[in-house]
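Below is one structure, written out as structure tokens; the observations come after it.
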Number of protein chains: 2
Amino acid sequence: MARLQLGGEDRLLAWLRRRPGTSLIGDDAAVLPGRGPLAVTVDSQIAGVHFPAALDPAITARRLLAVNLSDLAAIGAAPAYAFLTLAVPADFALRRFFLALLAACRRHGVELAGGDLARSGGAGFAATLTLVGTRRPFSRWLRRAGARPGHALWLGGTVGESAAGRMLLAAGARWQRHGVTLPPSWRVPPTIAAAARRAVRRHLLPRPQLALSAWLARRRAGGAIDVSDGLARDLHRLCRESGAGAAVTAAALPRARGFSRLCERLDLEPVELALAGGEDYVLLFSLPSRVLPPPVFGCRRIGEITAAPGVRLRQGGTALKLPPLGWDHLKS
Amino acid sequence: MARLQLGGEDRLLAWLRRRPGTSLIGDDAAVLPGRGPLAVTVDSQIAGVHFPAALDPAITARRLLAVNLSDLAAIGAAPAYAFLTLAVPADFALRRFFLALLAACRRHGVELAGGDLARSGGAGFAATLTLVGTRRPFSRWLRRAGARPGHALWLGGTVGESAAGRMLLAAGARWQRHGVTLPPSWRVPPTIAAAARRAVRRHLLPRPQLALSAWLARRRAGGAIDVSDGLARDLHRLCRESGAGAAVTAAALPRARGFSRLCERLDLEPVELALAGGEDYVLLFSLPSRVLPPPVFGCRRIGEITAAPGVRLRQGGTALKLPPLGWDHLKS
């Protein structure tokens, strides 16, 4: 696809404002029409830090929105408005990026309400998305501080797969226009290849759990957080905010199809990846033990909230203290 | 000042949350307590693009807040909440940055409500600030679209000085801990040196016109915008959104003290700098001709809004078409 010569910021803005879902753009700040309470979250994606530098701008755009939506899912908000700042190299395919972003916004009922554009100088692509969400009807916000001793601890989906995908990308896997290609040297049985492609796709295009979030917000769940920096680290955060602890059963951690064999091929320990991999973007939440999430969400009970602080991992008949393993944004 | 070893994101967050004005930090998204309508704006500051790469982190923090506050001033909002994303090199003085940011936030009644941190990889410092403002009591929002033919056109302060400061920085002027030093080779009379130091300071530490903004929002002014990308360019935007035009008198453009002699020394044309320099962060607004801003704000009437579209500049007995000169974020 040809680069669009948008001829400067004003022309880009004029082009953007002709698309649906951008009617709030035009002033120095956007006035949000709603009057109810709002939730706000903000997240960056930097090429070479959060995703491979050569990634298709359309995938970059969808990933940027998805990781932010996952934060709104964690608090139980309905997505409503987005604000984008973009710093891009001179040859960046802006039109491809914006078309993908606007399409993804529409799918989630999000209006692009403002932003700020800059050339990134010598540096590469960096984007920050601010998302504003509204409170869902008949619902409350989900908070990290809501977990109580005796609550069951649940995961909204599998963990570790995204980290495997990240490693495959580092090893040469690529997103092409119509799917994932594995490193040419990588000769594996078709089932492992399929699991590997799913892992790369999962890493690049996480699926924020908004439907589960809506159910939890209405059901008045306990504590909730999205797993972005690693299950262990985010569970520590959930516990710390709630003034409680947790016990997790290693064997209960949900694994994606083919994940164990994929880990074997990658010479990785599946439980370690599940606990510390990060960027899973599934919800980790607690519920009173008599409340069960509807089976359609595919949640898995992985342990329980305890009165004693700290997090313990039950594995092979023993219970070990689980440190806050995972991703530290200031260390990596 | 020694670098603070904050030992990772969670410790930095814990340190931040012990400071005043950060009580909303802690969940994946911040729930804003207010229920009135809100204005949201977002702006980035990238080292080497928006300010010199070696700038004191405390000045960087204050500049980041100031340019965003100017956007809230343009829409007439009262500043309330800030969200920060930060991508920083490993040796960045995070504590110095945050202490300055929190102090500046407190001075403006802003609460730091959330954010996101990352190492910037090989790239330098980049920050994005999202500001949320509330509507002031007995006031309306200011909009770009509010200018009407017959309105007088006003500027809230001088223009061009900031651009002169930017050029001085490019020529070797530096911000030191207690003020501005000019390039050692720069031998000029004390009045010009003083004007040069003021220009550098004005460029690095703009003063958003929030008090004027509050008066305008209450007085129900016409159209308003803040001059960030150059008077000519931002006036074109104001006119375009209002479906009107404007005529500006060059001789009426307010100049900072010593600005003309400084321009002479820099071999720059003062009117050109005033029209196209940018980053002035003063308000450009229209008012019905019988309404005068209180003298305390030091506003200057520079022309009027016309029914005929386009912008004309009256200079030396002639009126020329004024193109949208200024800063294009995607071209520079």
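By order in the structure tokens, chains are A, B, ...; within a chain, residues start at 1; ligands start at 1, following the order shown.
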
According to DSSP computed on the backbone, where in segment 75-173 of chain A is there helix (DSSP H, G or I)? Give the residues as number ranges by chain. A: 75, 94-107, 144-146, 161-170

Enumerate as a PyMOL selection string the residues belonging to chain A that approach chain B to within 8 Å, with only C-alpha atoms taken into account. chain A and resi 7-9+26-44+46+48-49+71-72+74-75+83-85+90+114-121+123-124+128+130+143-144+225-226+241+328-332

Can you tell me which residues surround Val296 of chain A at a distance of at most 12 Å, considering only C-alpha atoms, apart from same-chain residues fewer than 4 positions away, and format the answer as a ChimeraX atom specification? /A:156-157,211-212,215,292,300

Please dump the current selection as a PDB file, in the first residue's frame; keep all heavy atoms.
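What follows is the written file part33.pdb:
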```
ATOM      1  N   GLY A 156      -9.240 -15.115  33.609  1.00  0.00           N
ATOM      2  CA  GLY A 156     -10.167 -15.048  32.478  1.00  0.00           C
ATOM      3  C   GLY A 156      -9.692 -15.790  31.241  1.00  0.00           C
ATOM      4  O   GLY A 156     -10.441 -15.924  30.275  1.00  0.00           O
ATOM      5  N   GLY A 157      -8.468 -16.253  31.236  1.00  0.00           N
ATOM      6  CA  GLY A 157      -7.962 -16.952  30.057  1.00  0.00           C
ATOM      7  C   GLY A 157      -6.584 -17.499  30.327  1.00  0.00           C
ATOM      8  O   GLY A 157      -6.087 -17.444  31.458  1.00  0.00           O
ATOM      9  N   ALA A 211     -16.284  -8.319  27.597  1.00  0.00           N
ATOM     10  CA  ALA A 211     -17.569  -8.950  27.930  1.00  0.00           C
ATOM     11  C   ALA A 211     -17.507  -9.535  29.348  1.00  0.00           C
ATOM     12  O   ALA A 211     -18.439  -9.361  30.147  1.00  0.00           O
ATOM     13  CB  ALA A 211     -17.897 -10.038  26.904  1.00  0.00           C
ATOM     14  N   LEU A 212     -16.401 -10.191  29.658  1.00  0.00           N
ATOM     15  CA  LEU A 212     -16.226 -10.702  31.024  1.00  0.00           C
ATOM     16  C   LEU A 212     -16.231  -9.548  32.026  1.00  0.00           C
ATOM     17  O   LEU A 212     -16.847  -9.625  33.101  1.00  0.00           O
ATOM     18  CB  LEU A 212     -14.911 -11.487  31.104  1.00  0.00           C
ATOM     19  CG  LEU A 212     -14.448 -11.916  32.498  1.00  0.00           C
ATOM     20  CD1 LEU A 212     -15.493 -12.798  33.179  1.00  0.00           C
ATOM     21  CD2 LEU A 212     -13.098 -12.647  32.415  1.00  0.00           C
ATOM     22  N   TRP A 215     -19.687  -8.413  32.784  1.00  0.00           N
ATOM     23  CA  TRP A 215     -20.370  -9.345  33.677  1.00  0.00           C
ATOM     24  C   TRP A 215     -19.897  -9.135  35.124  1.00  0.00           C
ATOM     25  O   TRP A 215     -20.712  -9.066  36.054  1.00  0.00           O
ATOM     26  CB  TRP A 215     -20.121 -10.797  33.230  1.00  0.00           C
ATOM     27  CG  TRP A 215     -20.815 -11.791  34.120  1.00  0.00           C
ATOM     28  CD1 TRP A 215     -22.111 -12.209  34.034  1.00  0.00           C
ATOM     29  CD2 TRP A 215     -20.247 -12.447  35.258  1.00  0.00           C
ATOM     30  NE1 TRP A 215     -22.404 -13.087  35.039  1.00  0.00           N
ATOM     31  CE2 TRP A 215     -21.278 -13.257  35.815  1.00  0.00           C
ATOM     32  CE3 TRP A 215     -18.996 -12.444  35.875  1.00  0.00           C
ATOM     33  CZ2 TRP A 215     -21.074 -14.052  36.948  1.00  0.00           C
ATOM     34  CZ3 TRP A 215     -18.801 -13.230  36.996  1.00  0.00           C
ATOM     35  CH2 TRP A 215     -19.824 -14.015  37.521  1.00  0.00           C
ATOM     36  N   LEU A 292     -20.092 -18.318  40.396  1.00  0.00           N
ATOM     37  CA  LEU A 292     -19.293 -18.880  39.309  1.00  0.00           C
ATOM     38  C   LEU A 292     -19.493 -18.064  38.033  1.00  0.00           C
ATOM     39  O   LEU A 292     -20.627 -17.754  37.673  1.00  0.00           O
ATOM     40  CB  LEU A 292     -19.717 -20.327  39.038  1.00  0.00           C
ATOM     41  CG  LEU A 292     -19.644 -21.287  40.228  1.00  0.00           C
ATOM     42  CD1 LEU A 292     -20.116 -22.678  39.810  1.00  0.00           C
ATOM     43  CD2 LEU A 292     -18.219 -21.351  40.766  1.00  0.00           C
ATOM     44  N   ARG A 300     -10.985 -19.824  34.594  1.00  0.00           N
ATOM     45  CA  ARG A 300     -10.454 -20.951  35.346  1.00  0.00           C
ATOM     46  C   ARG A 300     -10.150 -20.512  36.780  1.00  0.00           C
ATOM     47  O   ARG A 300      -9.521 -19.481  36.999  1.00  0.00           O
ATOM     48  CB  ARG A 300      -9.159 -21.449  34.691  1.00  0.00           C
ATOM     49  CG  ARG A 300      -8.539 -22.664  35.349  1.00  0.00           C
ATOM     50  CD  ARG A 300      -9.257 -23.962  35.004  1.00  0.00           C
ATOM     51  NE  ARG A 300      -9.071 -24.276  33.593  1.00  0.00           N
ATOM     52  CZ  ARG A 300      -8.062 -25.008  33.106  1.00  0.00           C
ATOM     53  NH1 ARG A 300      -7.159 -25.527  33.928  1.00  0.00           N
ATOM     54  NH2 ARG A 300      -7.951 -25.236  31.821  1.00  0.00           N
TER      55      ARG A 300
END
```

Please extract the residues of segment 37-236 of chain A with a backbone DSSP assignment of strand (DSSP E) and present them as an NGL selection string. :A and (38-46 or 77-88 or 111-119 or 126-135 or 152-155 or 174-176 or 179-181 or 224-226)

Using the selection just defined, write its residues with N, CA and C atoms as a short mmCIF file (atom, residue, chain, number, x, y, z; two decimals), in the first residue's frame.
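The resulting selection_22.cif:
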```
data_model
loop_
_atom_site.label_atom_id
_atom_site.label_comp_id
_atom_site.auth_asym_id
_atom_site.auth_seq_id
_atom_site.Cartn_x
_atom_site.Cartn_y
_atom_site.Cartn_z
N LEU A 38 -16.34 9.00 35.16
CA LEU A 38 -15.53 8.46 34.07
C LEU A 38 -14.30 7.76 34.63
N ALA A 39 -13.83 6.77 33.87
CA ALA A 39 -12.55 6.12 34.17
C ALA A 39 -11.57 6.48 33.06
N VAL A 40 -10.33 6.76 33.43
CA VAL A 40 -9.32 7.16 32.46
C VAL A 40 -8.10 6.27 32.61
N THR A 41 -7.57 5.82 31.50
CA THR A 41 -6.33 5.05 31.53
C THR A 41 -5.44 5.49 30.38
N VAL A 42 -4.15 5.23 30.51
CA VAL A 42 -3.21 5.69 29.50
C VAL A 42 -2.08 4.65 29.39
N ASP A 43 -1.67 4.38 28.17
CA ASP A 43 -0.62 3.39 27.93
C ASP A 43 0.15 3.74 26.67
N SER A 44 1.43 3.44 26.69
CA SER A 44 2.27 3.72 25.52
C SER A 44 2.67 2.43 24.83
N GLN A 45 2.97 2.56 23.55
CA GLN A 45 3.59 1.49 22.79
C GLN A 45 4.77 2.11 22.04
N ILE A 46 5.95 1.60 22.30
CA ILE A 46 7.16 2.13 21.69
C ILE A 46 7.79 1.03 20.85
N ALA A 77 -15.09 -0.53 33.06
CA ALA A 77 -15.67 0.60 32.33
C ALA A 77 -16.06 0.21 30.91
N ALA A 78 -17.04 0.93 30.36
CA ALA A 78 -17.40 0.78 28.95
C ALA A 78 -16.59 1.80 28.15
N PRO A 79 -15.79 1.35 27.17
CA PRO A 79 -14.94 2.26 26.41
C PRO A 79 -15.75 3.33 25.69
N ALA A 80 -15.25 4.57 25.68
CA ALA A 80 -16.03 5.65 25.06
C ALA A 80 -15.18 6.58 24.19
N TYR A 81 -14.07 7.10 24.72
CA TYR A 81 -13.29 8.08 23.97
C TYR A 81 -11.82 7.74 24.00
N ALA A 82 -11.14 8.06 22.89
CA ALA A 82 -9.69 7.83 22.81
C ALA A 82 -8.99 9.12 22.43
N PHE A 83 -7.79 9.31 23.00
CA PHE A 83 -6.91 10.43 22.65
C PHE A 83 -5.56 9.84 22.32
N LEU A 84 -5.00 10.28 21.21
CA LEU A 84 -3.79 9.65 20.69
C LEU A 84 -2.66 10.65 20.58
N THR A 85 -1.49 10.32 21.09
CA THR A 85 -0.30 11.06 20.68
C THR A 85 0.61 10.10 19.94
N LEU A 86 1.19 10.65 18.90
CA LEU A 86 1.94 9.83 17.96
C LEU A 86 3.23 10.56 17.65
N ALA A 87 4.35 9.85 17.77
CA ALA A 87 5.63 10.38 17.28
C ALA A 87 6.13 9.37 16.27
N VAL A 88 6.29 9.80 15.04
CA VAL A 88 6.55 8.86 13.95
C VAL A 88 7.73 9.29 13.10
N GLU A 111 -14.83 6.61 20.30
CA GLU A 111 -14.67 7.77 19.44
C GLU A 111 -13.26 8.33 19.62
N LEU A 112 -12.57 8.61 18.52
CA LEU A 112 -11.25 9.26 18.60
C LEU A 112 -11.49 10.75 18.79
N ALA A 113 -11.18 11.25 19.97
CA ALA A 113 -11.63 12.60 20.35
C ALA A 113 -10.52 13.65 20.34
N GLY A 114 -9.30 13.25 20.14
CA GLY A 114 -8.24 14.25 20.11
C GLY A 114 -6.88 13.61 20.08
N GLY A 115 -5.85 14.46 20.02
CA GLY A 115 -4.51 13.91 20.00
C GLY A 115 -3.47 14.95 19.67
N ASP A 116 -2.33 14.45 19.36
CA ASP A 116 -1.17 15.31 19.15
C ASP A 116 -0.19 14.52 18.29
N LEU A 117 0.36 15.19 17.29
CA LEU A 117 1.24 14.51 16.35
C LEU A 117 2.62 15.14 16.34
N ALA A 118 3.64 14.32 16.18
CA ALA A 118 4.99 14.86 16.05
C ALA A 118 5.84 13.91 15.24
N ARG A 119 6.82 14.49 14.56
CA ARG A 119 7.89 13.67 14.02
C ARG A 119 8.76 13.23 15.18
N ALA A 126 6.55 5.96 18.43
CA ALA A 126 6.03 5.86 19.80
C ALA A 126 4.62 6.42 19.81
N ALA A 127 3.73 5.74 20.50
CA ALA A 127 2.35 6.21 20.58
C ALA A 127 1.85 6.07 22.00
N THR A 128 1.04 7.02 22.41
CA THR A 128 0.38 6.93 23.70
C THR A 128 -1.11 7.08 23.46
N LEU A 129 -1.87 6.17 24.04
CA LEU A 129 -3.31 6.27 23.90
C LEU A 129 -3.92 6.49 25.28
N THR A 130 -4.76 7.49 25.37
CA THR A 130 -5.55 7.72 26.56
C THR A 130 -6.97 7.25 26.26
N LEU A 131 -7.50 6.40 27.10
CA LEU A 131 -8.88 5.94 26.90
C LEU A 131 -9.74 6.42 28.06
N VAL A 132 -10.92 6.88 27.71
CA VAL A 132 -11.89 7.30 28.71
C VAL A 132 -13.07 6.35 28.62
N GLY A 133 -13.50 5.82 29.76
CA GLY A 133 -14.62 4.90 29.78
C GLY A 133 -15.71 5.40 30.71
N THR A 134 -16.91 4.95 30.45
CA THR A 134 -18.05 5.32 31.29
C THR A 134 -18.45 4.14 32.18
N ARG A 135 -19.19 4.43 33.23
CA ARG A 135 -19.64 3.33 34.08
C ARG A 135 -20.81 2.63 33.39
N ALA A 152 -12.68 -16.94 45.92
CA ALA A 152 -11.96 -17.75 44.94
C ALA A 152 -11.22 -16.82 43.98
N LEU A 153 -10.07 -17.28 43.50
CA LEU A 153 -9.26 -16.49 42.58
C LEU A 153 -9.39 -17.08 41.18
N TRP A 154 -9.71 -16.23 40.21
CA TRP A 154 -10.00 -16.69 38.85
C TRP A 154 -9.12 -16.00 37.83
N LEU A 155 -8.90 -16.72 36.74
CA LEU A 155 -8.23 -16.15 35.57
C LEU A 155 -9.20 -16.20 34.39
N ARG A 174 7.59 -13.59 12.05
CA ARG A 174 7.13 -12.31 11.51
C ARG A 174 5.62 -12.33 11.26
N TRP A 175 5.02 -11.16 11.47
CA TRP A 175 3.64 -10.98 11.04
C TRP A 175 3.67 -10.53 9.59
N GLN A 176 3.07 -11.30 8.71
CA GLN A 176 2.93 -10.84 7.33
C GLN A 176 1.49 -10.39 7.14
N GLY A 179 -0.96 -13.25 8.04
CA GLY A 179 -0.74 -14.23 9.08
C GLY A 179 0.70 -14.23 9.56
N VAL A 180 1.04 -15.29 10.29
CA VAL A 180 2.35 -15.35 10.93
C VAL A 180 3.24 -16.32 10.17
N THR A 181 4.47 -15.89 9.88
CA THR A 181 5.45 -16.84 9.36
C THR A 181 6.49 -17.11 10.44
N ALA A 224 -10.17 -6.97 40.99
CA ALA A 224 -9.86 -7.31 39.60
C ALA A 224 -8.67 -6.49 39.12
N ILE A 225 -7.90 -7.10 38.23
CA ILE A 225 -6.74 -6.46 37.61
C ILE A 225 -6.54 -7.17 36.27
N ASP A 226 -5.91 -6.51 35.33
CA ASP A 226 -5.59 -7.26 34.10
C ASP A 226 -4.13 -7.69 34.17
#
```

Find the residues around Arg62 of chain B up to 8 Å (only C-alpha atoms counted), leave out those fewer than 2 positions away in its own chain, and share them as a list of chain:residue names.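 Within the cut-off, the hits are B:Ala58, B:Ile59, B:Thr60, B:Leu64, B:Leu65, B:Ala66, B:Ala100, B:Leu101, B:Ala104, B:Leu205.
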
Could you work out how far atom CA of Pro254 of chain B lies from atom CA of Pro295 of chain B, giving the answer in Å with one decimal?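 Taking atom CA of Pro295 of chain B as the start and atom CA of Pro254 of chain B as the end point, the length is 14.1 Å.
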
Between atom CA of Ala247 of chain B and atom CA of Arg312 of chain B, what is the distance in Å, rounded to a tenth?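 These atoms are spaced 4.7 Å apart.
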
Between atom CA of Pro323 of chain A and atom CA of Gly310 of chain A, distance in Å (one decimal):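 Interatomic distance, atom CA of Pro323 of chain A to atom CA of Gly310 of chain A: 8.4 Å.
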